[in-house]
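Undergrad: Handing over query.cif, mmCIF, C-alpha atoms and all ligand atoms.
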data_protein
#
loop_
_atom_site.group_PDB
_atom_site.id
_atom_site.type_symbol
_atom_site.label_atom_id
_atom_site.label_comp_id
_atom_site.auth_asym_id
_atom_site.auth_seq_id
_atom_site.Cartn_x
_atom_site.Cartn_y
_atom_site.Cartn_z
ATOM 1 C CA MET Y 195 105.107 113.358 144.171
ATOM 2 C CA ARG Y 196 108.903 113.764 143.941
ATOM 3 C CA ILE Y 197 110.358 112.718 140.616
ATOM 4 C CA ILE Y 198 113.733 112.836 138.865
ATOM 5 C CA LEU Y 199 114.001 112.719 135.075
ATOM 6 C CA LEU Y 200 117.280 111.175 133.956
ATOM 7 C CA GLY Y 201 118.653 110.815 130.458
ATOM 8 C CA PRO Y 202 121.289 112.157 128.081
ATOM 9 C CA PRO Y 203 121.128 115.734 126.784
ATOM 10 C CA GLY Y 204 118.328 115.971 124.211
ATOM 11 C CA ALA Y 205 116.488 112.909 125.543
ATOM 12 C CA GLY Y 206 113.337 114.956 126.074
ATOM 13 C CA LYS Y 207 113.586 115.598 129.827
ATOM 14 C CA GLY Y 208 112.497 119.233 129.593
ATOM 15 C CA THR Y 209 109.684 118.424 127.157
ATOM 16 C CA GLN Y 210 108.306 115.636 129.333
ATOM 17 C CA ALA Y 211 108.834 117.532 132.607
ATOM 18 C CA SER Y 212 106.612 120.314 131.188
ATOM 19 C CA ASN Y 213 103.986 117.753 130.194
ATOM 20 C CA ILE Y 214 104.026 116.213 133.680
ATOM 21 C CA ALA Y 215 103.941 119.631 135.359
ATOM 22 C CA ASN Y 216 100.931 120.715 133.269
ATOM 23 C CA GLU Y 217 98.920 117.554 133.669
ATOM 24 C CA PHE Y 218 99.722 116.680 137.288
ATOM 25 C CA HIS Y 219 100.331 120.228 138.634
ATOM 26 C CA ILE Y 220 103.789 119.500 139.983
ATOM 27 C CA THR Y 221 106.562 122.114 140.191
ATOM 28 C CA HIS Y 222 109.119 121.695 137.390
ATOM 29 C CA ILE Y 223 112.725 122.522 138.267
ATOM 30 C CA SER Y 224 115.354 122.599 135.521
ATOM 31 C CA THR Y 225 118.880 123.473 136.625
ATOM 32 C CA GLY Y 226 119.766 124.240 132.985
ATOM 33 C CA GLU Y 227 116.948 126.808 132.846
ATOM 34 C CA ILE Y 228 117.973 128.337 136.170
ATOM 35 C CA PHE Y 229 121.537 128.695 134.861
ATOM 36 C CA ARG Y 230 120.335 130.273 131.593
ATOM 37 C CA LYS Y 231 118.173 132.724 133.558
ATOM 38 C CA ILE Y 232 120.922 133.895 135.915
ATOM 39 C CA GLN Y 233 123.299 134.059 132.964
ATOM 40 C CA LYS Y 234 120.861 136.382 131.145
ATOM 41 C CA GLU Y 235 120.519 138.486 134.297
ATOM 42 C CA GLY Y 236 124.313 138.773 134.397
ATOM 43 C CA THR Y 237 124.735 137.710 138.051
ATOM 44 C CA SER Y 238 128.258 136.649 139.047
ATOM 45 C CA LEU Y 239 127.062 133.083 139.573
ATOM 46 C CA GLY Y 240 125.402 133.157 136.136
ATOM 47 C CA LEU Y 241 128.585 134.353 134.438
ATOM 48 C CA LYS Y 242 130.655 131.741 136.254
ATOM 49 C CA ALA Y 243 128.225 128.993 135.175
ATOM 50 C CA LYS Y 244 128.389 130.228 131.553
ATOM 51 C CA GLU Y 245 132.124 129.474 131.381
ATOM 52 C CA TYR Y 246 131.361 125.789 131.938
ATOM 53 C CA ILE Y 247 128.083 125.564 129.999
ATOM 54 C CA ASP Y 248 129.508 127.026 126.784
ATOM 55 C CA LYS Y 249 132.284 124.404 126.825
ATOM 56 C CA GLY Y 250 129.821 121.544 127.322
ATOM 57 C CA LEU Y 251 131.083 120.910 130.856
ATOM 58 C CA LEU Y 252 129.110 120.548 134.052
ATOM 59 C CA VAL Y 253 128.882 123.511 136.381
ATOM 60 C CA PRO Y 254 130.827 122.573 139.560
ATOM 61 C CA ASP Y 255 128.869 120.540 142.108
ATOM 62 C CA ASP Y 256 129.126 123.098 144.930
ATOM 63 C CA LEU Y 257 127.487 125.860 142.850
ATOM 64 C CA THR Y 258 124.812 123.541 141.480
ATOM 65 C CA VAL Y 259 123.953 122.036 144.861
ATOM 66 C CA GLU Y 260 123.685 125.508 146.413
ATOM 67 C CA ILE Y 261 121.186 126.538 143.747
ATOM 68 C CA ILE Y 262 119.038 123.427 144.178
ATOM 69 C CA ASP Y 263 119.223 123.687 147.940
ATOM 70 C CA ASP Y 264 117.610 127.142 147.830
ATOM 71 C CA ARG Y 265 115.109 126.156 145.175
ATOM 72 C CA LEU Y 266 113.823 123.111 147.077
ATOM 73 C CA ASP Y 267 113.190 125.282 150.134
ATOM 74 C CA ARG Y 268 110.608 127.331 148.262
ATOM 75 C CA LYS Y 269 106.926 126.902 149.095
ATOM 76 C CA ASP Y 270 105.970 125.549 145.676
ATOM 77 C CA CYS Y 271 108.040 122.402 146.376
ATOM 78 C CA ILE Y 272 106.103 121.374 149.493
ATOM 79 C CA GLU Y 273 103.638 119.255 147.506
ATOM 80 C CA GLY Y 274 106.383 117.776 145.320
ATOM 81 C CA PHE Y 275 108.620 118.512 142.332
ATOM 82 C CA ILE Y 276 110.088 117.151 139.113
ATOM 83 C CA LEU Y 277 113.837 117.563 138.775
ATOM 84 C CA ASP Y 278 114.981 117.921 135.165
ATOM 85 C CA GLY Y 279 118.765 117.930 134.701
ATOM 86 C CA PHE Y 280 119.587 117.431 138.376
ATOM 87 C CA PRO Y 281 121.341 115.434 139.734
ATOM 88 C CA ARG Y 282 124.036 114.938 137.088
ATOM 89 C CA THR Y 283 126.776 113.478 139.302
ATOM 90 C CA ILE Y 284 126.918 111.017 142.195
ATOM 91 C CA ILE Y 285 128.040 113.880 144.470
ATOM 92 C CA GLN Y 286 124.884 115.821 143.545
ATOM 93 C CA ALA Y 287 122.708 112.730 144.077
ATOM 94 C CA LYS Y 288 124.173 112.233 147.557
ATOM 95 C CA ALA Y 289 123.680 115.914 148.396
ATOM 96 C CA LEU Y 290 120.051 115.559 147.315
ATOM 97 C CA ASP Y 291 119.633 112.457 149.516
ATOM 98 C CA ASP Y 292 120.970 114.432 152.499
ATOM 99 C CA LYS Y 293 118.691 117.366 151.762
ATOM 100 C CA LEU Y 294 115.587 115.189 151.500
ATOM 101 C CA LYS Y 295 116.542 113.225 154.604
ATOM 102 C CA ALA Y 296 116.840 116.463 156.590
ATOM 103 C CA LYS Y 297 113.341 117.365 155.376
ATOM 104 C CA LYS Y 298 112.112 113.825 156.273
ATOM 105 C CA ILE Y 299 110.913 113.185 152.728
ATOM 106 C CA SER Y 300 112.036 110.833 149.955
ATOM 107 C CA LEU Y 301 111.969 110.424 146.196
ATOM 108 C CA ASP Y 302 109.039 108.525 144.682
ATOM 109 C CA LEU Y 303 110.602 107.622 141.372
ATOM 110 C CA VAL Y 304 113.321 108.197 138.838
ATOM 111 C CA ILE Y 305 112.390 107.994 135.158
ATOM 112 C CA ASN Y 306 115.280 107.271 132.844
ATOM 113 C CA ILE Y 307 114.650 108.249 129.202
ATOM 114 C CA GLN Y 308 116.817 106.098 126.942
ATOM 115 C CA LEU Y 309 117.730 106.628 123.261
ATOM 116 C CA LYS Y 310 120.489 106.123 120.679
ATOM 117 C CA ASN Y 311 123.273 108.703 120.224
ATOM 118 C CA GLN Y 312 122.315 109.455 116.604
ATOM 119 C CA LEU Y 313 118.811 110.464 117.662
ATOM 120 C CA ILE Y 314 120.272 112.614 120.419
ATOM 121 C CA ILE Y 315 122.299 114.623 117.909
ATOM 122 C CA ASN Y 316 119.194 115.178 115.693
ATOM 123 C CA ARG Y 317 117.170 116.261 118.697
ATOM 124 C CA ILE Y 318 119.760 118.721 119.972
ATOM 125 C CA THR Y 319 120.768 120.307 116.675
ATOM 126 C CA GLY Y 320 117.073 120.999 115.876
ATOM 127 C CA ARG Y 321 116.232 122.399 119.301
ATOM 128 C CA ARG Y 322 115.117 126.041 119.386
ATOM 129 C CA ILE Y 323 114.218 128.030 122.495
ATOM 130 C CA CYS Y 324 112.127 131.165 122.940
ATOM 131 C CA GLU Y 325 114.348 133.967 124.194
ATOM 132 C CA ASN Y 326 111.415 135.454 126.036
ATOM 133 C CA CYS Y 327 109.526 132.623 127.775
ATOM 134 C CA GLY Y 328 111.931 129.669 127.350
ATOM 135 C CA GLU Y 329 109.406 127.460 125.465
ATOM 136 C CA ASN Y 330 111.122 124.592 123.679
ATOM 137 C CA TYR Y 331 110.645 123.738 119.949
ATOM 138 C CA HIS Y 332 112.220 121.475 117.361
ATOM 139 C CA THR Y 333 112.719 122.459 113.715
ATOM 140 C CA ASN Y 334 111.366 119.077 112.488
ATOM 141 C CA PHE Y 335 109.646 117.297 115.360
ATOM 142 C CA TYR Y 336 107.924 120.203 117.091
ATOM 143 C CA PRO Y 337 108.061 123.274 114.853
ATOM 144 C CA PRO Y 338 106.425 126.584 115.779
ATOM 145 C CA LYS Y 339 103.405 127.713 113.712
ATOM 146 C CA ILE Y 340 105.409 130.680 112.349
ATOM 147 C CA GLU Y 341 109.083 129.978 111.668
ATOM 148 C CA GLY Y 342 111.398 131.558 114.244
ATOM 149 C CA LYS Y 343 108.539 132.810 116.473
ATOM 150 C CA CYS Y 344 107.195 131.396 119.714
ATOM 151 C CA ASP Y 345 103.570 130.137 119.528
ATOM 152 C CA LEU Y 346 102.947 131.210 123.112
ATOM 153 C CA CYS Y 347 104.366 134.733 123.294
ATOM 154 C CA GLY Y 348 105.636 135.640 119.807
ATOM 155 C CA GLY Y 349 109.223 135.827 121.144
ATOM 156 C CA GLN Y 350 112.221 135.177 118.888
ATOM 157 C CA LEU Y 351 113.511 131.584 118.800
ATOM 158 C CA PHE Y 352 117.230 130.936 119.078
ATOM 159 C CA GLN Y 353 119.647 128.007 119.100
ATOM 160 C CA ARG Y 354 121.532 127.492 122.375
ATOM 161 C CA LYS Y 355 125.262 128.050 122.029
ATOM 162 C CA ASP Y 356 125.897 124.671 123.693
ATOM 163 C CA ASP Y 357 123.608 122.949 121.143
ATOM 164 C CA GLN Y 358 126.171 123.245 118.331
ATOM 165 C CA GLU Y 359 127.656 119.988 117.062
ATOM 166 C CA GLU Y 360 131.167 120.372 118.550
ATOM 167 C CA THR Y 361 129.850 121.045 122.054
ATOM 168 C CA ILE Y 362 127.326 118.222 121.817
ATOM 169 C CA LYS Y 363 130.150 115.657 121.502
ATOM 170 C CA LYS Y 364 131.680 116.959 124.726
ATOM 171 C CA ARG Y 365 128.309 116.938 126.480
ATOM 172 C CA LEU Y 366 127.724 113.309 125.498
ATOM 173 C CA GLU Y 367 131.160 112.351 126.818
ATOM 174 C CA VAL Y 368 130.436 114.186 130.087
ATOM 175 C CA TYR Y 369 127.060 112.420 130.291
ATOM 176 C CA THR Y 370 128.677 108.990 129.865
ATOM 177 C CA ASN Y 371 131.403 109.609 132.419
ATOM 178 C CA GLN Y 372 129.600 111.612 135.069
ATOM 179 C CA THR Y 373 125.827 111.168 134.771
ATOM 180 C CA GLN Y 374 125.272 107.641 133.476
ATOM 181 C CA PRO Y 375 126.480 106.098 136.788
ATOM 182 C CA LEU Y 376 123.294 107.540 138.342
ATOM 183 C CA ILE Y 377 121.295 104.855 136.530
ATOM 184 C CA ASP Y 378 122.812 102.162 138.748
ATOM 185 C CA TYR Y 379 122.688 104.451 141.776
ATOM 186 C CA TYR Y 380 118.881 104.713 141.524
ATOM 187 C CA LYS Y 381 118.442 101.129 140.307
ATOM 188 C CA ASP Y 382 120.061 100.012 143.567
ATOM 189 C CA LYS Y 383 117.524 102.104 145.478
ATOM 190 C CA GLY Y 384 114.694 100.292 143.632
ATOM 191 C CA ILE Y 385 113.045 103.453 142.246
ATOM 192 C CA LEU Y 386 114.341 103.488 138.648
ATOM 193 C CA HIS Y 387 111.994 103.098 135.649
ATOM 194 C CA THR Y 388 113.543 103.103 132.179
ATOM 195 C CA ILE Y 389 111.426 104.115 129.183
ATOM 196 C CA ASN Y 390 111.959 104.135 125.430
ATOM 197 C CA GLY Y 391 112.706 107.738 124.439
ATOM 198 C CA GLU Y 392 112.814 106.908 120.718
ATOM 199 C CA GLN Y 393 109.047 107.332 120.386
ATOM 200 C CA SER Y 394 107.093 110.503 119.558
ATOM 201 C CA ILE Y 395 106.666 113.130 122.298
ATOM 202 C CA GLU Y 396 103.119 111.814 122.849
ATOM 203 C CA GLY Y 397 104.303 108.175 122.919
ATOM 204 C CA VAL Y 398 106.938 108.907 125.583
ATOM 205 C CA PHE Y 399 104.409 110.839 127.667
ATOM 206 C CA LYS Y 400 101.935 107.947 127.463
ATOM 207 C CA ASP Y 401 104.570 105.608 128.967
ATOM 208 C CA ILE Y 402 105.387 108.154 131.683
ATOM 209 C CA LYS Y 403 101.702 108.444 132.616
ATOM 210 C CA ILE Y 404 101.431 104.665 133.014
ATOM 211 C CA ILE Y 405 104.358 104.742 135.443
ATOM 212 C CA LEU Y 406 103.004 107.754 137.372
ATOM 213 C CA GLN Y 407 99.546 106.225 137.673
ATOM 214 C CA GLY Y 408 101.127 103.107 139.183
ATOM 215 C CA VAL Y 409 102.721 105.231 141.917
ATOM 216 C CA LEU Y 410 99.893 107.731 142.598
HETATM 217 P P1 LIG Y 501 116.487 117.565 127.297
HETATM 218 O O1 LIG Y 501 115.743 118.440 128.278
HETATM 219 O O2 LIG Y 501 116.562 116.132 127.739
HETATM 220 O O3 LIG Y 501 117.819 118.106 126.907
HETATM 221 P P2 LIG Y 501 114.466 118.477 125.391
HETATM 222 O O4 LIG Y 501 113.163 118.196 126.085
HETATM 223 O O5 LIG Y 501 114.933 119.892 125.344
HETATM 224 O O6 LIG Y 501 115.629 117.515 125.955
HETATM 225 O O7 LIG Y 501 114.340 117.896 123.899
HETATM 226 C C1 LIG Y 501 115.378 118.105 122.950
HETATM 227 C C2 LIG Y 501 114.758 118.495 121.604
HETATM 228 O O8 LIG Y 501 114.070 117.369 121.050
HETATM 229 C C3 LIG Y 501 113.729 119.611 121.692
HETATM 230 O O9 LIG Y 501 113.870 120.425 120.543
HETATM 231 C C4 LIG Y 501 112.374 118.884 121.705
HETATM 232 O O10 LIG Y 501 111.343 119.668 121.106
HETATM 233 C C5 LIG Y 501 112.666 117.628 120.900
HETATM 234 N N1 LIG Y 501 112.012 116.426 121.422
HETATM 235 C C6 LIG Y 501 111.817 116.076 122.716
HETATM 236 N N2 LIG Y 501 111.235 114.869 122.802
HETATM 237 C C7 LIG Y 501 111.068 114.420 121.531
HETATM 238 C C8 LIG Y 501 110.530 113.216 120.945
HETATM 239 N N3 LIG Y 501 110.054 112.220 121.696
HETATM 240 N N4 LIG Y 501 110.538 113.123 119.595
HETATM 241 C C9 LIG Y 501 111.038 114.117 118.818
HETATM 242 N N5 LIG Y 501 111.558 115.270 119.305
HETATM 243 C C10 LIG Y 501 111.569 115.423 120.639
HETATM 244 P P1 LIG Y 502 120.325 121.474 130.212
HETATM 245 O O1 LIG Y 502 119.418 122.652 130.003
HETATM 246 O O2 LIG Y 502 119.768 120.507 131.213
HETATM 247 O O3 LIG Y 502 120.712 120.816 128.917
HETATM 248 O O4 LIG Y 502 121.655 122.042 130.867
HETATM 249 C C1 LIG Y 502 122.483 122.942 130.166
HETATM 250 C C2 LIG Y 502 123.848 122.990 130.816
HETATM 251 O O5 LIG Y 502 123.744 123.545 132.142
HETATM 252 C C3 LIG Y 502 124.556 121.647 131.015
HETATM 253 O O6 LIG Y 502 125.226 121.189 129.857
HETATM 254 C C4 LIG Y 502 125.529 121.995 132.154
HETATM 255 O O7 LIG Y 502 126.629 122.741 131.679
HETATM 256 C C5 LIG Y 502 124.678 122.930 133.016
HETATM 257 N N1 LIG Y 502 123.938 122.143 134.032
HETATM 258 C C6 LIG Y 502 122.590 121.933 134.089
HETATM 259 N N2 LIG Y 502 122.282 121.158 135.136
HETATM 260 C C7 LIG Y 502 123.454 120.859 135.750
HETATM 261 C C8 LIG Y 502 123.808 120.065 136.871
HETATM 262 N N3 LIG Y 502 122.886 119.396 137.579
HETATM 263 N N4 LIG Y 502 125.115 119.985 137.202
HETATM 264 C C9 LIG Y 502 126.052 120.645 136.517
HETATM 265 N N5 LIG Y 502 125.810 121.391 135.435
HETATM 266 C C10 LIG Y 502 124.512 121.497 135.044
#
What's the structure tokens form of this structure?
TA:
Amino acid sequence: MRIILLGPPGAGKGTQASNIANEFHITHISTGEIFRKIQKEGTSLGLKAKEYIDKGLLVPDDLTVEIIDDRLDRKDCIEGFILDGFPRTIIQAKALDDKLKAKKISLDLVINIQLKNQLIINRITGRRICENCGENYHTNFYPPKIEGKCDLCGGQLFQRKDDQEETIKKRLEVYTNQTQPLIDYYKDKGILHTINGEQSIEGVFKDIKIILQGVL
């Protein structure tokens, strides 16, 4: 199964992609996580990406497409994948179409998680990430058992630099201008499913499972 999760920052793409990956055993690919990893490793590509990420901007298409191109060639993508945070521009979507065409495969579905801007801000400002394993928490909606510590590995939780209120405004503007047009792009291809992202994590996942079971 080849799936894209679309939606504004903070919609719950990463949370739901993990749920899908765990339940359906599909490889989860998050470009945001790849960028954070190479940034932590201090590679030149990672440091270049950081300049854009910290300002709430998109990393340039050529860098992003190169990263996804390599990632999709790995063995764990043969049976399928969930893309979380990619594509984010029409140029990226077209590059993905070309890549899949060359591999003689196609996308099964695109799930668009929709929610109001005010909820987005609450979601993002409360988001905390484990510095060690990358697990995602929320101070109110999905708190760790011990404050500031990861339930899975005991790692320290931190707030992403780009999750501060000033940067969020920029990210929402970038989403509206550059990413939202993908909704029509995939609607025109007949593979778009829009779900209500204003429900609980479990409620959103229930809706996603109904859609997946219809395609499986
Ligand atoms: P995205 O990957 O779309 O940016 P995340 O999955 O990281 O979004 O979710 C953003 C924050 O909101 C996280 O802290 C997550 O724990 C929390 N969250 C995700 N989905 C929900 C939901 N349905 N209800 C409440 N909080 C949620
Ligand atoms: P995310 O973890 O999905 O919220 O992504 C964090 C940041 O990484 C984004 O705000 C962008 O700066 C960058 N990023 C992630 N995915 C992409 C992409 N597909 N294209 C460009 N930049 C991206």
Undergrad: Selected by the PyMOL selection byres (((chain Y and resi 282) around 9) and not hetatm) in the shown coordinates: which residues, as a short mmCIF file (atom, residue, chain, number, x, y, z; two decimals) with C-alpha atoms, keeping the file's coordinate frame?
TA:
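This went into out-v3.cif:
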data_model
loop_
_atom_site.label_atom_id
_atom_site.label_comp_id
_atom_site.auth_asym_id
_atom_site.auth_seq_id
_atom_site.Cartn_x
_atom_site.Cartn_y
_atom_site.Cartn_z
CA LEU Y 200 117.28 111.18 133.96
CA LEU Y 252 129.11 120.55 134.05
CA ASP Y 255 128.87 120.54 142.11
CA GLY Y 279 118.76 117.93 134.70
CA PHE Y 280 119.59 117.43 138.38
CA PRO Y 281 121.34 115.43 139.73
CA THR Y 283 126.78 113.48 139.30
CA ILE Y 284 126.92 111.02 142.20
CA ILE Y 285 128.04 113.88 144.47
CA GLN Y 286 124.88 115.82 143.54
CA ALA Y 287 122.71 112.73 144.08
CA TYR Y 369 127.06 112.42 130.29
CA GLN Y 372 129.60 111.61 135.07
CA THR Y 373 125.83 111.17 134.77
CA GLN Y 374 125.27 107.64 133.48
CA LEU Y 376 123.29 107.54 138.34
#
Undergrad: Translate the PyMOL selection byres (((chain Y and resi 257-268) around 10) and not hetatm), as applied to the file shown, into an explicit residue set as an mmCIF file with C-alpha atoms, keeping the file's coordinate frame.
TA:
data_model
loop_
_atom_site.group_PDB
_atom_site.id
_atom_site.type_symbol
_atom_site.label_atom_id
_atom_site.label_comp_id
_atom_site.auth_asym_id
_atom_site.auth_seq_id
_atom_site.Cartn_x
_atom_site.Cartn_y
_atom_site.Cartn_z
ATOM 1 C CA ILE Y 223 112.725 122.522 138.267
ATOM 2 C CA SER Y 224 115.354 122.599 135.521
ATOM 3 C CA THR Y 225 118.880 123.473 136.625
ATOM 4 C CA GLY Y 226 119.766 124.240 132.985
ATOM 5 C CA ILE Y 228 117.973 128.337 136.170
ATOM 6 C CA PHE Y 229 121.537 128.695 134.861
ATOM 7 C CA LEU Y 239 127.062 133.083 139.573
ATOM 8 C CA LYS Y 242 130.655 131.741 136.254
ATOM 9 C CA ALA Y 243 128.225 128.993 135.175
ATOM 10 C CA LEU Y 252 129.110 120.548 134.052
ATOM 11 C CA VAL Y 253 128.882 123.511 136.381
ATOM 12 C CA PRO Y 254 130.827 122.573 139.560
ATOM 13 C CA ASP Y 255 128.869 120.540 142.108
ATOM 14 C CA ASP Y 256 129.126 123.098 144.930
ATOM 15 C CA LYS Y 269 106.926 126.902 149.095
ATOM 16 C CA ASP Y 270 105.970 125.549 145.676
ATOM 17 C CA CYS Y 271 108.040 122.402 146.376
ATOM 18 C CA ILE Y 272 106.103 121.374 149.493
ATOM 19 C CA GLY Y 274 106.383 117.776 145.320
ATOM 20 C CA PHE Y 275 108.620 118.512 142.332
ATOM 21 C CA LEU Y 277 113.837 117.563 138.775
ATOM 22 C CA PHE Y 280 119.587 117.431 138.376
ATOM 23 C CA PRO Y 281 121.341 115.434 139.734
ATOM 24 C CA ARG Y 282 124.036 114.938 137.088
ATOM 25 C CA ILE Y 285 128.040 113.880 144.470
ATOM 26 C CA GLN Y 286 124.884 115.821 143.545
ATOM 27 C CA ALA Y 287 122.708 112.730 144.077
ATOM 28 C CA ALA Y 289 123.680 115.914 148.396
ATOM 29 C CA LEU Y 290 120.051 115.559 147.315
ATOM 30 C CA LYS Y 293 118.691 117.366 151.762
ATOM 31 C CA LEU Y 294 115.587 115.189 151.500
ATOM 32 C CA LYS Y 297 113.341 117.365 155.376
#
Undergrad: Which is closer to Ser300 in chain Y than all the others in Y:Met195, Y:Ala211, Y:Phe335, Y:Asp357, using all atoms listed in the file?
TA: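 Counting all atoms listed in the file, the residue closest to Ser300 in chain Y is Y:Met195.
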Undergrad: Using only C-alpha atoms, which residue out of Y:Ile389, Y:Ile404, Y:Leu301, Y:Cys347 lies closest to Ile276 in chain Y?
TA: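 Result for the nearest residue to Ile276 in chain Y: Y:Leu301.
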Undergrad: Show me the residues around (123.9, 121.5, 124.9) - criterion: an atom at most 10 Å away, only C-alpha atoms counted - as a PyMOL selection string.
TA: chain Y and resi 203-204+226+247-251+315+318-319+321+353-366
Undergrad: List all protein, DNA and RNA residues that have at least one atom no more than 9 Å from any atom of ligand LIG 501 (chain Y), counting only C-alpha atoms and all ligand atoms, and write them as a PDB file with C-alpha atoms, in the coordinates of the input.
TA:
ATOM      1  CA  LEU Y 199     114.001 112.719 135.075  1.00  0.00           C
ATOM      2  CA  LEU Y 200     117.280 111.175 133.956  1.00  0.00           C
ATOM      3  CA  GLY Y 201     118.653 110.815 130.458  1.00  0.00           C
ATOM      4  CA  PRO Y 202     121.289 112.157 128.081  1.00  0.00           C
ATOM      5  CA  PRO Y 203     121.128 115.734 126.784  1.00  0.00           C
ATOM      6  CA  GLY Y 204     118.328 115.971 124.211  1.00  0.00           C
ATOM      7  CA  ALA Y 205     116.488 112.909 125.543  1.00  0.00           C
ATOM      8  CA  GLY Y 206     113.337 114.956 126.074  1.00  0.00           C
ATOM      9  CA  LYS Y 207     113.586 115.598 129.827  1.00  0.00           C
ATOM     10  CA  GLY Y 208     112.497 119.233 129.593  1.00  0.00           C
ATOM     11  CA  THR Y 209     109.684 118.424 127.157  1.00  0.00           C
ATOM     12  CA  GLN Y 210     108.306 115.636 129.333  1.00  0.00           C
ATOM     13  CA  ALA Y 211     108.834 117.532 132.607  1.00  0.00           C
ATOM     14  CA  SER Y 212     106.612 120.314 131.188  1.00  0.00           C
ATOM     15  CA  SER Y 224     115.354 122.599 135.521  1.00  0.00           C
ATOM     16  CA  GLY Y 226     119.766 124.240 132.985  1.00  0.00           C
ATOM     17  CA  ASP Y 278     114.981 117.921 135.165  1.00  0.00           C
ATOM     18  CA  GLY Y 279     118.765 117.930 134.701  1.00  0.00           C
ATOM     19  CA  ILE Y 307     114.650 108.249 129.202  1.00  0.00           C
ATOM     20  CA  LEU Y 313     118.811 110.464 117.662  1.00  0.00           C
ATOM     21  CA  ILE Y 314     120.272 112.614 120.419  1.00  0.00           C
ATOM     22  CA  ASN Y 316     119.194 115.178 115.693  1.00  0.00           C
ATOM     23  CA  ARG Y 317     117.170 116.261 118.697  1.00  0.00           C
ATOM     24  CA  ILE Y 318     119.760 118.721 119.972  1.00  0.00           C
ATOM     25  CA  THR Y 319     120.768 120.307 116.675  1.00  0.00           C
ATOM     26  CA  GLY Y 320     117.073 120.999 115.876  1.00  0.00           C
ATOM     27  CA  ARG Y 321     116.232 122.399 119.301  1.00  0.00           C
ATOM     28  CA  ARG Y 322     115.117 126.041 119.386  1.00  0.00           C
ATOM     29  CA  ILE Y 323     114.218 128.030 122.495  1.00  0.00           C
ATOM     30  CA  ASN Y 330     111.122 124.592 123.679  1.00  0.00           C
ATOM     31  CA  TYR Y 331     110.645 123.738 119.949  1.00  0.00           C
ATOM     32  CA  HIS Y 332     112.220 121.475 117.361  1.00  0.00           C
ATOM     33  CA  THR Y 333     112.719 122.459 113.715  1.00  0.00           C
ATOM     34  CA  ASN Y 334     111.366 119.077 112.488  1.00  0.00           C
ATOM     35  CA  PHE Y 335     109.646 117.297 115.360  1.00  0.00           C
ATOM     36  CA  TYR Y 336     107.924 120.203 117.091  1.00  0.00           C
ATOM     37  CA  PRO Y 337     108.061 123.274 114.853  1.00  0.00           C
ATOM     38  CA  GLY Y 391     112.706 107.738 124.439  1.00  0.00           C
ATOM     39  CA  GLU Y 392     112.814 106.908 120.718  1.00  0.00           C
ATOM     40  CA  GLN Y 393     109.047 107.332 120.386  1.00  0.00           C
ATOM     41  CA  SER Y 394     107.093 110.503 119.558  1.00  0.00           C
ATOM     42  CA  ILE Y 395     106.666 113.130 122.298  1.00  0.00           C
ATOM     43  CA  GLU Y 396     103.119 111.814 122.849  1.00  0.00           C
ATOM     44  CA  GLY Y 397     104.303 108.175 122.919  1.00  0.00           C
ATOM     45  CA  VAL Y 398     106.938 108.907 125.583  1.00  0.00           C
ATOM     46  CA  PHE Y 399     104.409 110.839 127.667  1.00  0.00           C
TER      47      PHE Y 399
END
Undergrad: CA of Val368 in chain Y to atom O6 of ligand LIG 502 (chain Y): how many Å, to one decimal?
TA: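 These atoms are spaced 8.7 Å apart.
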Undergrad: Between Y:Gln233, Y:Asn311, Y:Gln407, Y:Asn306, which one has atoms that come closest to ligand LIG 502 (chain Y), using only C-alpha atoms and all ligand atoms?
TA: Y:Gln233
Undergrad: Which is closest to ligand LIG 502 (chain Y) among Y:Asp382, Y:Thr370, Y:His387, Y:Glu245, if we use all atoms listed in the file?
TA: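 Smallest separation from ligand LIG 502 (chain Y) among the options: Y:Glu245.
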Undergrad: Rounded to one decimal place, report the CA of Cys344 in chain Y-CA of Cys324 in chain Y distance in Å.
TA: 5.9 Å
Undergrad: When distances are computed from all atoms listed in the file, which of Y:Asp302, Y:Asp291, Y:Asp401, Y:Glu367 shows the smallest separation from ligand LIG 502 (chain Y)?
TA: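 Counting all atoms listed in the file, the residue closest to ligand LIG 502 (chain Y) is Y:Glu367.
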Undergrad: Do you have the CA of Gly342 in chain Y-atom C2 of ligand LIG 502 (chain Y) distance handy?
TA: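 Between CA of Gly342 in chain Y and atom C2 of ligand LIG 502 (chain Y) the gap is 22.4 Å.
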Undergrad: Return as AutoDock Vina command-line options the box centre and box size in Å, one decimal, for an axis-aligned box around all listed atoms of range 295-312 of chain Y padded by 6 Å per side.
TA:
--center_x 116.2 --center_y 111.7 --center_z 136.6 --size_x 26.2 --size_y 23.3 --size_z 52.0
Undergrad: For a quick check of understanding, using all atoms listed in the file, which of Y:Gly328, Y:Val304, Y:Asn213, Y:Leu309 has the smallest distance to ligand LIG 502 (chain Y)?
TA: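 Going through Y:Gly328, Y:Val304, Y:Asn213, Y:Leu309 one by one, the smallest distance to ligand LIG 502 (chain Y) is for Y:Gly328.
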Undergrad: I need the output of the PyMOL selection byres (((chain Y and resi 348) around 12) and not hetatm) for this file as an NGL selection string; which residues are they?
TA: :Y and (323-329 or 338-347 or 349-351)
